[in-house]
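Structure data (compact mmCIF, C-alpha atoms) from entry_20.txt:
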# COMPACT_ATOMS: atom_id res chain seq x y z
CA MET K 1 53.09 92.96 -81.23
CA THR K 2 54.15 93.65 -84.76
CA ASP K 3 55.43 91.52 -87.58
CA THR K 4 58.95 92.64 -88.41
CA THR K 5 59.53 89.79 -90.87
CA GLY K 6 59.99 90.29 -94.58
CA SER K 7 58.53 88.22 -97.40
CA SER K 8 60.71 85.28 -96.34
CA GLY K 9 59.14 85.29 -92.87
CA ILE K 10 62.54 86.01 -91.31
CA SER K 11 63.66 89.25 -89.70
CA ARG K 12 67.27 90.20 -89.12
CA SER K 13 68.78 92.62 -86.66
CA SER K 14 72.44 93.00 -85.76
CA VAL K 15 73.38 89.31 -85.57
CA PRO K 16 76.73 87.53 -85.33
CA THR K 17 78.01 86.61 -88.76
CA GLY K 18 77.81 83.14 -90.28
CA ARG K 19 75.14 80.56 -90.91
CA PRO K 20 72.74 80.46 -87.96
CA VAL K 21 71.57 77.72 -85.64
CA LEU K 22 67.80 77.34 -85.83
CA VAL K 23 66.03 76.75 -82.51
CA THR K 24 62.53 75.38 -82.99
CA GLY K 25 60.28 76.22 -80.07
CA GLY K 26 62.69 79.05 -79.36
CA THR K 27 60.28 80.87 -77.06
CA GLY K 28 59.46 77.82 -74.92
CA THR K 29 60.67 76.54 -71.55
CA LEU K 30 63.87 75.05 -72.99
CA GLY K 31 64.15 77.20 -76.10
CA ARG K 32 64.51 80.50 -74.25
CA PRO K 33 67.56 79.54 -72.13
CA LEU K 34 69.07 77.72 -75.11
CA VAL K 35 68.87 80.89 -77.20
CA ASP K 36 70.47 82.80 -74.31
CA ALA K 37 73.31 80.27 -74.10
CA LEU K 38 73.98 80.41 -77.84
CA LEU K 39 73.95 84.20 -77.92
CA ALA K 40 76.35 84.29 -74.96
CA ALA K 41 78.70 82.09 -77.01
CA ARG K 42 78.39 84.49 -79.98
CA VAL K 43 76.64 81.85 -82.11
CA PRO K 44 74.31 83.21 -84.82
CA VAL K 45 70.76 82.17 -83.88
CA ARG K 46 67.45 81.98 -85.71
CA VAL K 47 64.45 81.66 -83.38
CA MET K 48 61.45 79.83 -84.77
CA SER K 49 58.03 80.53 -83.27
CA ARG K 50 54.36 80.64 -84.21
CA ARG K 51 54.20 84.09 -82.66
CA LEU K 52 55.05 87.48 -84.09
CA ARG K 53 58.23 89.01 -82.80
CA ALA K 54 57.63 91.51 -80.02
CA ARG K 55 58.10 95.12 -81.08
CA ASP K 56 60.59 95.80 -78.27
CA ASP K 57 62.61 92.61 -78.84
CA GLU K 58 65.98 93.87 -80.09
CA ARG K 59 68.14 90.92 -79.16
CA PRO K 60 70.66 89.96 -81.88
CA TYR K 61 68.98 86.99 -83.51
CA GLU K 62 66.92 86.28 -86.59
CA TRP K 63 63.23 85.55 -86.23
CA ALA K 64 61.37 82.94 -88.29
CA ARG K 65 57.63 82.79 -87.93
CA CYS K 66 56.45 79.25 -88.61
CA ASP K 67 53.51 77.04 -87.71
CA LEU K 68 55.19 73.66 -87.40
CA ALA K 69 51.84 71.90 -87.05
CA THR K 70 50.98 72.88 -90.64
CA GLY K 71 54.45 73.46 -92.05
CA VAL K 72 53.64 77.03 -93.09
CA GLY K 73 56.88 79.03 -93.06
CA LEU K 74 59.09 76.01 -92.38
CA GLY K 75 61.02 76.13 -95.65
CA ALA K 76 62.15 79.70 -95.01
CA ALA K 77 62.94 78.88 -91.38
CA VAL K 78 65.36 76.05 -92.18
CA ARG K 79 66.93 77.48 -95.33
CA GLY K 80 70.63 78.20 -94.97
CA VAL K 81 71.03 77.08 -91.35
CA ARG K 82 74.06 75.10 -90.28
CA ALA K 83 72.26 73.28 -87.48
CA ILE K 84 68.82 72.79 -85.94
CA VAL K 85 68.07 72.23 -82.27
CA HIS K 86 64.56 70.82 -82.17
CA CYS K 87 62.93 71.95 -78.93
CA ALA K 88 59.36 72.27 -80.21
CA THR K 89 57.18 69.39 -79.09
CA HIS K 90 53.66 67.99 -79.27
CA PRO K 91 52.21 65.24 -77.04
CA LEU K 92 50.58 63.38 -79.94
CA LYS K 93 52.40 64.55 -83.10
CA GLU K 94 56.04 64.39 -82.08
CA GLU K 95 57.17 62.07 -84.87
CA THR K 96 55.20 64.06 -87.45
CA LEU K 97 56.85 67.33 -86.42
CA VAL K 98 60.32 65.79 -86.52
CA ALA K 99 59.69 64.24 -89.94
CA ARG K 100 58.48 67.61 -91.22
CA VAL K 101 61.64 69.37 -90.01
CA ILE K 102 63.88 66.69 -91.54
CA GLU K 103 62.12 66.84 -94.90
CA ALA K 104 62.21 70.63 -95.04
CA ALA K 105 65.91 70.67 -94.16
CA ARG K 106 66.66 68.03 -96.78
CA GLN K 107 64.74 69.89 -99.49
CA THR K 108 66.42 73.24 -98.80
CA SER K 109 69.99 71.94 -98.41
CA GLY K 110 72.49 70.04 -100.53
CA PRO K 111 72.56 70.10 -104.35
CA PRO K 112 71.45 72.33 -106.00
CA TYR K 113 71.55 74.50 -102.87
CA PRO K 114 74.92 75.94 -101.78
CA HIS K 115 74.87 74.59 -98.20
CA PRO K 116 75.22 71.05 -96.82
CA VAL K 117 72.39 69.52 -94.84
CA PRO K 118 72.28 70.79 -91.24
CA HIS K 119 73.20 68.98 -88.06
CA LEU K 120 70.00 68.07 -86.19
CA VAL K 121 70.14 68.07 -82.37
CA TYR K 122 67.13 66.56 -80.61
CA ILE K 123 66.15 66.69 -76.96
CA SER K 124 64.49 63.53 -75.71
CA ILE K 125 63.62 62.04 -72.32
CA VAL K 126 65.32 59.40 -70.19
CA GLY K 127 63.20 56.25 -70.26
CA VAL K 128 61.33 56.77 -73.53
CA ASP K 129 62.21 53.20 -74.48
CA GLU K 130 61.20 51.78 -71.08
CA VAL K 131 58.23 53.73 -69.70
CA PRO K 132 55.14 53.21 -71.89
CA PHE K 133 53.57 56.67 -71.57
CA VAL K 134 51.93 57.69 -74.84
CA TYR K 135 54.11 60.80 -75.06
CA TYR K 136 57.26 58.76 -74.43
CA ARG K 137 56.31 56.39 -77.24
CA ARG K 138 55.97 59.39 -79.55
CA LYS K 139 59.40 60.66 -78.47
CA LEU K 140 60.92 57.24 -79.11
CA ALA K 141 59.35 57.12 -82.57
CA ALA K 142 60.83 60.56 -83.26
CA GLU K 143 64.26 59.29 -82.21
CA ARG K 144 63.95 56.37 -84.61
CA ARG K 145 62.98 58.75 -87.41
CA ILE K 146 66.07 60.89 -86.77
CA GLU K 147 68.28 57.81 -86.69
CA GLY K 148 67.12 57.06 -90.24
CA GLY K 149 70.17 58.96 -91.39
CA GLU K 150 68.85 61.69 -93.70
CA LEU K 151 70.52 64.36 -91.56
CA PRO K 152 73.61 64.14 -89.35
CA TRP K 153 72.25 63.96 -85.83
CA THR K 154 72.77 64.13 -82.09
CA ILE K 155 70.21 62.99 -79.49
CA LEU K 156 70.34 63.95 -75.82
CA ARG K 157 67.99 62.37 -73.31
CA ALA K 158 67.39 64.29 -70.07
CA THR K 159 65.35 63.64 -66.95
CA GLN K 160 62.36 65.81 -66.05
CA PHE K 161 62.93 69.54 -65.55
CA HIS K 162 62.51 71.03 -62.07
CA ASP K 163 59.59 73.17 -63.19
CA LEU K 164 57.62 70.14 -64.37
CA VAL K 165 57.78 68.56 -60.93
CA ALA K 166 56.98 71.82 -59.13
CA GLY K 167 54.19 72.57 -61.61
CA ALA K 168 52.49 69.27 -60.80
CA VAL K 169 52.18 70.39 -57.18
CA ARG K 170 51.24 73.97 -58.02
CA SER K 171 48.48 72.85 -60.40
CA GLN K 172 46.79 70.93 -57.52
CA ARG K 173 46.99 73.73 -54.96
CA ARG K 174 43.20 74.13 -54.79
CA LEU K 175 42.54 70.41 -54.28
CA PRO K 176 42.24 68.84 -50.83
CA ALA K 177 45.25 66.62 -51.56
CA VAL K 178 48.22 66.39 -53.93
CA LEU K 179 47.94 63.22 -56.00
CA LEU K 180 51.17 61.54 -57.09
CA PRO K 181 52.19 58.17 -58.57
CA ARG K 182 52.84 55.77 -55.72
CA GLY K 183 56.38 54.41 -55.54
CA ALA K 184 57.70 56.74 -58.24
CA ARG K 185 61.04 58.50 -58.00
CA PHE K 186 62.31 61.41 -60.05
CA GLN K 187 65.66 63.03 -60.78
CA PRO K 188 64.78 66.61 -61.77
CA VAL K 189 67.34 68.68 -63.65
CA GLU K 190 67.72 72.43 -64.13
CA VAL K 191 66.53 73.48 -67.60
CA ARG K 192 69.36 76.00 -68.00
CA GLU K 193 71.90 73.23 -67.50
CA VAL K 194 70.23 71.17 -70.22
CA ALA K 195 70.22 74.24 -72.45
CA ALA K 196 73.95 74.71 -71.88
CA ARG K 197 74.56 71.09 -72.82
CA LEU K 198 72.54 71.45 -76.02
CA ALA K 199 74.40 74.66 -76.88
CA ALA K 200 77.70 72.78 -76.58
CA LEU K 201 76.45 69.81 -78.61
CA VAL K 202 75.17 71.90 -81.50
CA GLN K 203 78.55 73.61 -81.83
CA ASP K 204 80.30 70.23 -82.03
CA GLU K 205 80.24 67.50 -84.65
CA PRO K 206 77.20 65.17 -84.86
CA ALA K 207 77.64 62.56 -82.15
CA GLY K 208 74.63 60.22 -82.40
CA ARG K 209 73.12 59.25 -79.06
CA VAL K 210 75.14 61.01 -76.34
CA PRO K 211 75.17 60.13 -72.62
CA ASP K 212 71.97 60.87 -70.73
CA MET K 213 71.71 63.92 -68.51
CA GLY K 214 70.14 63.72 -65.07
CA GLY K 215 69.73 66.02 -62.10
CA PRO K 216 71.94 65.76 -59.01
CA GLU K 217 69.50 63.82 -56.80
CA VAL K 218 67.10 60.89 -57.08
CA ARG K 219 64.11 61.68 -54.83
CA THR K 220 60.72 60.12 -54.17
CA ALA K 221 57.72 61.89 -55.63
CA ALA K 222 56.38 62.51 -52.11
CA ASP K 223 59.67 64.06 -50.96
CA LEU K 224 59.75 66.44 -53.93
CA ALA K 225 56.11 67.34 -53.38
CA ARG K 226 56.76 68.23 -49.74
CA ALA K 227 59.67 70.47 -50.76
CA ALA K 228 57.49 72.21 -53.35
CA GLN K 229 54.71 72.66 -50.80
CA ARG K 230 57.09 74.32 -48.35
CA ALA K 231 58.26 76.73 -51.03
CA LEU K 232 54.70 77.51 -52.16
CA GLY K 233 53.21 77.74 -48.68
CA LEU K 234 50.86 74.79 -49.23
CA ARG K 235 49.80 72.20 -46.67
CA GLN K 236 47.61 69.55 -48.36
CA ARG K 237 47.92 65.86 -47.75
CA ILE K 238 50.05 63.94 -50.25
CA VAL K 239 48.33 60.86 -51.61
CA GLY K 240 50.12 58.22 -53.66
CA LEU K 241 47.95 56.72 -56.38
CA PRO K 242 48.73 53.23 -57.65
CA VAL K 243 49.90 53.12 -61.28
CA PRO K 244 48.91 49.80 -62.82
CA GLY K 245 50.53 47.68 -65.47
CA ARG K 246 53.83 48.14 -67.27
CA THR K 247 53.93 51.87 -66.60
CA GLY K 248 53.72 51.39 -62.84
CA ARG K 249 56.35 48.66 -62.88
CA ALA K 250 58.69 50.84 -64.97
CA LEU K 251 58.33 53.82 -62.63
CA ARG K 252 58.84 51.72 -59.51
CA ALA K 253 61.94 50.21 -61.12
CA GLY K 254 63.35 53.69 -61.85
CA ARG K 255 63.37 53.36 -65.63
CA ASN K 256 62.86 57.15 -65.83
CA LEU K 257 66.10 57.80 -63.92
CA ALA K 258 69.74 58.23 -64.88
CA PRO K 259 71.63 57.78 -61.57
CA GLY K 260 74.84 57.02 -63.43
CA HIS K 261 74.61 60.38 -65.21
CA ALA K 262 73.76 62.73 -62.34
CA VAL K 263 75.68 65.58 -63.95
CA GLY K 264 73.27 68.39 -63.05
CA LYS K 265 74.38 70.67 -60.22
CA VAL K 266 71.26 72.62 -59.23
CA THR K 267 69.17 70.84 -56.58
CA PHE K 268 65.39 71.00 -56.41
CA GLU K 269 65.50 73.25 -53.32
CA GLU K 270 67.93 75.60 -55.04
CA TYR K 271 65.59 75.81 -58.01
CA LEU K 272 62.63 76.49 -55.73
CA GLY K 273 64.55 79.25 -53.97
CA THR K 274 65.47 80.91 -57.26
CA ALA K 275 61.92 80.59 -58.59
CA ALA K 276 60.50 82.12 -55.40
CA ALA K 277 62.94 85.04 -55.56
CA SER K 278 61.96 85.80 -59.16
CA ARG K 279 58.22 85.93 -58.45

Rewrite the coordinates I just gave you, this time as structure tokens.
Amino acid sequence: MTDTTGSSGISRSSVPTGRPVLVTGGTGTLGRPLVDALLAARVPVRVMSRRLRARDDERPYEWARCDLATGVGLGAAVRGVRAIVHCATHPLKEETLVARVIEAARQTSGPPYPHPVPHLVYISIVGVDEVPFVYYRRKLAAERRIEGGELPWTILRATQFHDLVAGAVRSQRRLPAVLLPRGARFQPVEVREVAARLAALVQDEPAGRVPDMGGPEVRTAADLARAAQRALGLRQRIVGLPVPGRTGRALRAGRNLAPGHAVGKVTFEEYLGTAAASR
């Protein structure tokens, strides 16, 4: 790895012209396909990451090295962008990270700077206002912070990604049983489809809270686990653990689902087949 950034922390190769879209967490699970979708649409992109840019990475985007947890490099990362898609996340500091991005964008845009404040697009999760997981509460607090109005904004809530569900099974492959929340159902969605939706939203006008995005099927946790086991060649027992209190009631009631917005096309089995072929 080598640092190809200048004193600003940003490196430029042959990029499409115009003010870029900043993707925070641009090397993550959602950030990578989002960057691909924006580049395919000939949108100028600035990727923000804690990492150095790889020496052999010659794709046509800017690179901004920034540690969002401390804010180091954030001013340079947001300066001059026309929009920000916030994909970076933290299980305990979500609201803090969002507030830091908003403040940096506000300070480096508008008078006396030559550019207006950027459009902020935020990816959230279906059910953050109904399922009392700690992480969901943090995501909801981040939504409320964005809705404060300092930047024009768009918020998209999506259901869980396919790889999160499959990863829960894979991570337990050495245990005698796969442990899952009893009575829970999920509606997994393909991450590339969510990325495509975000790419479209960031090229449009700020829209506030847009319709939720869910996968094509609502399935029980046990059913999804069995499908993942078949794809991974695993054979453990599947054990449903009771989830007490409000969280259990919310999951059993399907508060994490968006059956009225089942706009995703890729099924869980199709995802598993593609993932197996790429290994």

#### Entry: Near-Pro216 (chain K) list (10 Å; only C-alpha atoms; drop same-chain fewer than 4 positions) as a PyMOL selection string
chain K and resi 187-190+258-259+261-268

What would the file look like if the residues just selected were written as a PDB file, in the coordinates of the input with C-alpha atoms?
ATOM      1  CA  GLN K 187      65.660  63.030 -60.780  1.00  0.00           C
ATOM      2  CA  PRO K 188      64.780  66.610 -61.770  1.00  0.00           C
ATOM      3  CA  VAL K 189      67.340  68.680 -63.650  1.00  0.00           C
ATOM      4  CA  GLU K 190      67.720  72.430 -64.130  1.00  0.00           C
ATOM      5  CA  ALA K 258      69.740  58.230 -64.880  1.00  0.00           C
ATOM      6  CA  PRO K 259      71.630  57.780 -61.570  1.00  0.00           C
ATOM      7  CA  HIS K 261      74.610  60.380 -65.210  1.00  0.00           C
ATOM      8  CA  ALA K 262      73.760  62.730 -62.340  1.00  0.00           C
ATOM      9  CA  VAL K 263      75.680  65.580 -63.950  1.00  0.00           C
ATOM     10  CA  GLY K 264      73.270  68.390 -63.050  1.00  0.00           C
ATOM     11  CA  LYS K 265      74.380  70.670 -60.220  1.00  0.00           C
ATOM     12  CA  VAL K 266      71.260  72.620 -59.230  1.00  0.00           C
ATOM     13  CA  THR K 267      69.170  70.840 -56.580  1.00  0.00           C
ATOM     14  CA  PHE K 268      65.390  71.000 -56.410  1.00  0.00           C
TER      15      PHE K 268
END

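The shell of residues at most 12 Å from Val134 (chain K), with all atoms listed in the file counted and near chain neighbours (fewer than 2 positions) removed, consists of His90, Pro91, Leu92, Lys93, Glu94, Val128, Asp129, Glu130, Val131, Pro132, Tyr136, Arg137, Arg138, Lys139, Leu140, Ala141 and Thr247 of chain K.
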
#### Entry: Non-local contacts of region 109-115 of chain K (9 Å; only C-alpha atoms; under 2 positions in same chain excluded) as a list in words
Val78, Arg79, Gly80, Val81, Arg82, Ala104, Ala105, Arg106, Gln107, Val117 and Pro118 of chain K

### Message
List as a PyMOL selection string the protein and nucleic acid residues near region 222-224 of chain K, meaning an atom at most 8 Å away when all atoms listed in the file are counted, but skip any in the same chain fewer than 2 places from it.
### Response
chain K and resi 165-166+180+219-220+226-228+238+240+268

### Query
If you measure from CA of Thr108 (chain K) to CA of Gly26 (chain K), what distance in Å do you get, rounded to one decimal?
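If I compute the distance from CA of Thr108 (chain K) to CA of Gly26 (chain K), I get 20.6 Å.
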
### Task
For CA of Ala199 (chain K) and CA of Leu38 (chain K), determine how far apart the two atoms are, in Å to one decimal place.
5.8 Å

### Query
Which one is closest to Leu30 (chain K): K:Leu241, K:Ala99, K:Ile123, K:Ala177? Count only C-alpha atoms.
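Nearest candidate to Leu30 (chain K) out of K:Leu241, K:Ala99, K:Ile123, K:Ala177: K:Ile123.
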
Starting from the incomplete input, reconstruct N, CA and C atoms of region 147-181 of chain K and report them as a PDB file, in the frame of the given file.
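Result file follows (rebuild-v4.pdb):
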ATOM      1  N   GLU K 147      67.202  58.784 -86.476  1.00  0.00           N
ATOM      2  CA  GLU K 147      68.280  57.810 -86.690  1.00  0.00           C
ATOM      3  C   GLU K 147      68.250  57.219 -88.092  1.00  0.00           C
ATOM      4  N   GLY K 148      67.208  57.549 -88.862  1.00  0.00           N
ATOM      5  CA  GLY K 148      67.120  57.060 -90.240  1.00  0.00           C
ATOM      6  C   GLY K 148      68.251  57.535 -91.121  1.00  0.00           C
ATOM      7  N   GLY K 149      68.941  58.596 -90.715  1.00  0.00           N
ATOM      8  CA  GLY K 149      70.170  58.960 -91.390  1.00  0.00           C
ATOM      9  C   GLY K 149      70.090  60.024 -92.450  1.00  0.00           C
ATOM     10  N   GLU K 150      68.936  60.680 -92.643  1.00  0.00           N
ATOM     11  CA  GLU K 150      68.850  61.690 -93.700  1.00  0.00           C
ATOM     12  C   GLU K 150      69.574  62.985 -93.329  1.00  0.00           C
ATOM     13  N   LEU K 151      69.734  63.228 -92.040  1.00  0.00           N
ATOM     14  CA  LEU K 151      70.520  64.360 -91.560  1.00  0.00           C
ATOM     15  C   LEU K 151      71.535  63.844 -90.545  1.00  0.00           C
ATOM     16  N   PRO K 152      72.710  64.473 -90.462  1.00  0.00           N
ATOM     17  CA  PRO K 152      73.610  64.140 -89.350  1.00  0.00           C
ATOM     18  C   PRO K 152      72.961  64.554 -88.041  1.00  0.00           C
ATOM     19  N   TRP K 153      73.095  63.725 -86.999  1.00  0.00           N
ATOM     20  CA  TRP K 153      72.250  63.960 -85.830  1.00  0.00           C
ATOM     21  C   TRP K 153      72.961  63.707 -84.512  1.00  0.00           C
ATOM     22  N   THR K 154      72.386  64.334 -83.482  1.00  0.00           N
ATOM     23  CA  THR K 154      72.770  64.130 -82.090  1.00  0.00           C
ATOM     24  C   THR K 154      71.487  64.081 -81.263  1.00  0.00           C
ATOM     25  N   ILE K 155      71.374  63.105 -80.372  1.00  0.00           N
ATOM     26  CA  ILE K 155      70.210  62.990 -79.490  1.00  0.00           C
ATOM     27  C   ILE K 155      70.683  63.004 -78.041  1.00  0.00           C
ATOM     28  N   LEU K 156      70.090  63.899 -77.256  1.00  0.00           N
ATOM     29  CA  LEU K 156      70.340  63.950 -75.820  1.00  0.00           C
ATOM     30  C   LEU K 156      69.050  63.623 -75.086  1.00  0.00           C
ATOM     31  N   ARG K 157      69.114  62.650 -74.192  1.00  0.00           N
ATOM     32  CA  ARG K 157      67.990  62.370 -73.310  1.00  0.00           C
ATOM     33  C   ARG K 157      68.262  62.979 -71.938  1.00  0.00           C
ATOM     34  N   ALA K 158      67.269  63.676 -71.399  1.00  0.00           N
ATOM     35  CA  ALA K 158      67.390  64.290 -70.070  1.00  0.00           C
ATOM     36  C   ALA K 158      66.238  63.818 -69.194  1.00  0.00           C
ATOM     37  N   THR K 159      66.442  63.910 -67.890  1.00  0.00           N
ATOM     38  CA  THR K 159      65.350  63.640 -66.950  1.00  0.00           C
ATOM     39  C   THR K 159      64.418  64.850 -66.907  1.00  0.00           C
ATOM     40  N   GLN K 160      63.362  64.750 -66.104  1.00  0.00           N
ATOM     41  CA  GLN K 160      62.360  65.810 -66.050  1.00  0.00           C
ATOM     42  C   GLN K 160      62.974  67.115 -65.523  1.00  0.00           C
ATOM     43  N   PHE K 161      62.476  68.239 -66.031  1.00  0.00           N
ATOM     44  CA  PHE K 161      62.930  69.540 -65.550  1.00  0.00           C
ATOM     45  C   PHE K 161      62.328  69.819 -64.169  1.00  0.00           C
ATOM     46  N   HIS K 162      63.015  70.629 -63.387  1.00  0.00           N
ATOM     47  CA  HIS K 162      62.510  71.030 -62.070  1.00  0.00           C
ATOM     48  C   HIS K 162      61.099  71.612 -62.156  1.00  0.00           C
ATOM     49  N   ASP K 163      60.872  72.459 -63.147  1.00  0.00           N
ATOM     50  CA  ASP K 163      59.590  73.170 -63.190  1.00  0.00           C
ATOM     51  C   ASP K 163      58.425  72.242 -63.487  1.00  0.00           C
ATOM     52  N   LEU K 164      58.690  71.106 -64.121  1.00  0.00           N
ATOM     53  CA  LEU K 164      57.620  70.140 -64.370  1.00  0.00           C
ATOM     54  C   LEU K 164      57.155  69.517 -63.064  1.00  0.00           C
ATOM     55  N   VAL K 165      58.116  69.159 -62.215  1.00  0.00           N
ATOM     56  CA  VAL K 165      57.780  68.560 -60.930  1.00  0.00           C
ATOM     57  C   VAL K 165      57.057  69.571 -60.042  1.00  0.00           C
ATOM     58  N   ALA K 166      57.612  70.776 -59.951  1.00  0.00           N
ATOM     59  CA  ALA K 166      56.980  71.820 -59.130  1.00  0.00           C
ATOM     60  C   ALA K 166      55.609  72.189 -59.668  1.00  0.00           C
ATOM     61  N   GLY K 167      55.472  72.218 -60.995  1.00  0.00           N
ATOM     62  CA  GLY K 167      54.190  72.570 -61.610  1.00  0.00           C
ATOM     63  C   GLY K 167      53.102  71.568 -61.298  1.00  0.00           C
ATOM     64  N   ALA K 168      53.482  70.283 -61.138  1.00  0.00           N
ATOM     65  CA  ALA K 168      52.490  69.270 -60.800  1.00  0.00           C
ATOM     66  C   ALA K 168      51.872  69.535 -59.432  1.00  0.00           C
ATOM     67  N   VAL K 169      52.688  70.034 -58.509  1.00  0.00           N
ATOM     68  CA  VAL K 169      52.180  70.390 -57.180  1.00  0.00           C
ATOM     69  C   VAL K 169      51.372  71.687 -57.250  1.00  0.00           C
ATOM     70  N   ARG K 170      51.904  72.668 -57.937  1.00  0.00           N
ATOM     71  CA  ARG K 170      51.240  73.970 -58.020  1.00  0.00           C
ATOM     72  C   ARG K 170      49.853  73.843 -58.675  1.00  0.00           C
ATOM     73  N   SER K 171      49.746  72.978 -59.681  1.00  0.00           N
ATOM     74  CA  SER K 171      48.480  72.850 -60.400  1.00  0.00           C
ATOM     75  C   SER K 171      47.384  72.220 -59.531  1.00  0.00           C
ATOM     76  N   GLN K 172      47.766  71.567 -58.422  1.00  0.00           N
ATOM     77  CA  GLN K 172      46.790  70.930 -57.520  1.00  0.00           C
ATOM     78  C   GLN K 172      46.583  71.717 -56.226  1.00  0.00           C
ATOM     79  N   ARG K 173      47.008  72.964 -56.212  1.00  0.00           N
ATOM     80  CA  ARG K 173      46.990  73.730 -54.960  1.00  0.00           C
ATOM     81  C   ARG K 173      45.588  73.962 -54.422  1.00  0.00           C
ATOM     82  N   ARG K 174      44.560  73.890 -55.259  1.00  0.00           N
ATOM     83  CA  ARG K 174      43.200  74.130 -54.790  1.00  0.00           C
ATOM     84  C   ARG K 174      42.461  72.826 -54.459  1.00  0.00           C
ATOM     85  N   LEU K 175      43.145  71.703 -54.613  1.00  0.00           N
ATOM     86  CA  LEU K 175      42.540  70.410 -54.280  1.00  0.00           C
ATOM     87  C   LEU K 175      42.803  70.080 -52.815  1.00  0.00           C
ATOM     88  N   PRO K 176      42.011  69.204 -52.236  1.00  0.00           N
ATOM     89  CA  PRO K 176      42.240  68.840 -50.830  1.00  0.00           C
ATOM     90  C   PRO K 176      43.503  68.016 -50.620  1.00  0.00           C
ATOM     91  N   ALA K 177      44.040  67.428 -51.679  1.00  0.00           N
ATOM     92  CA  ALA K 177      45.250  66.620 -51.560  1.00  0.00           C
ATOM     93  C   ALA K 177      46.042  66.718 -52.858  1.00  0.00           C
ATOM     94  N   VAL K 178      47.351  66.476 -52.758  1.00  0.00           N
ATOM     95  CA  VAL K 178      48.220  66.390 -53.930  1.00  0.00           C
ATOM     96  C   VAL K 178      48.319  64.915 -54.314  1.00  0.00           C
ATOM     97  N   LEU K 179      47.953  64.598 -55.529  1.00  0.00           N
ATOM     98  CA  LEU K 179      47.940  63.220 -56.000  1.00  0.00           C
ATOM     99  C   LEU K 179      49.204  62.948 -56.815  1.00  0.00           C
ATOM    100  N   LEU K 180      49.909  61.871 -56.450  1.00  0.00           N
ATOM    101  CA  LEU K 180      51.170  61.540 -57.090  1.00  0.00           C
ATOM    102  C   LEU K 180      51.229  60.036 -57.358  1.00  0.00           C
ATOM    103  N   PRO K 181      52.049  59.614 -58.330  1.00  0.00           N
ATOM    104  CA  PRO K 181      52.190  58.170 -58.570  1.00  0.00           C
ATOM    105  C   PRO K 181      52.912  57.483 -57.425  1.00  0.00           C
TER     106      PRO K 181
END
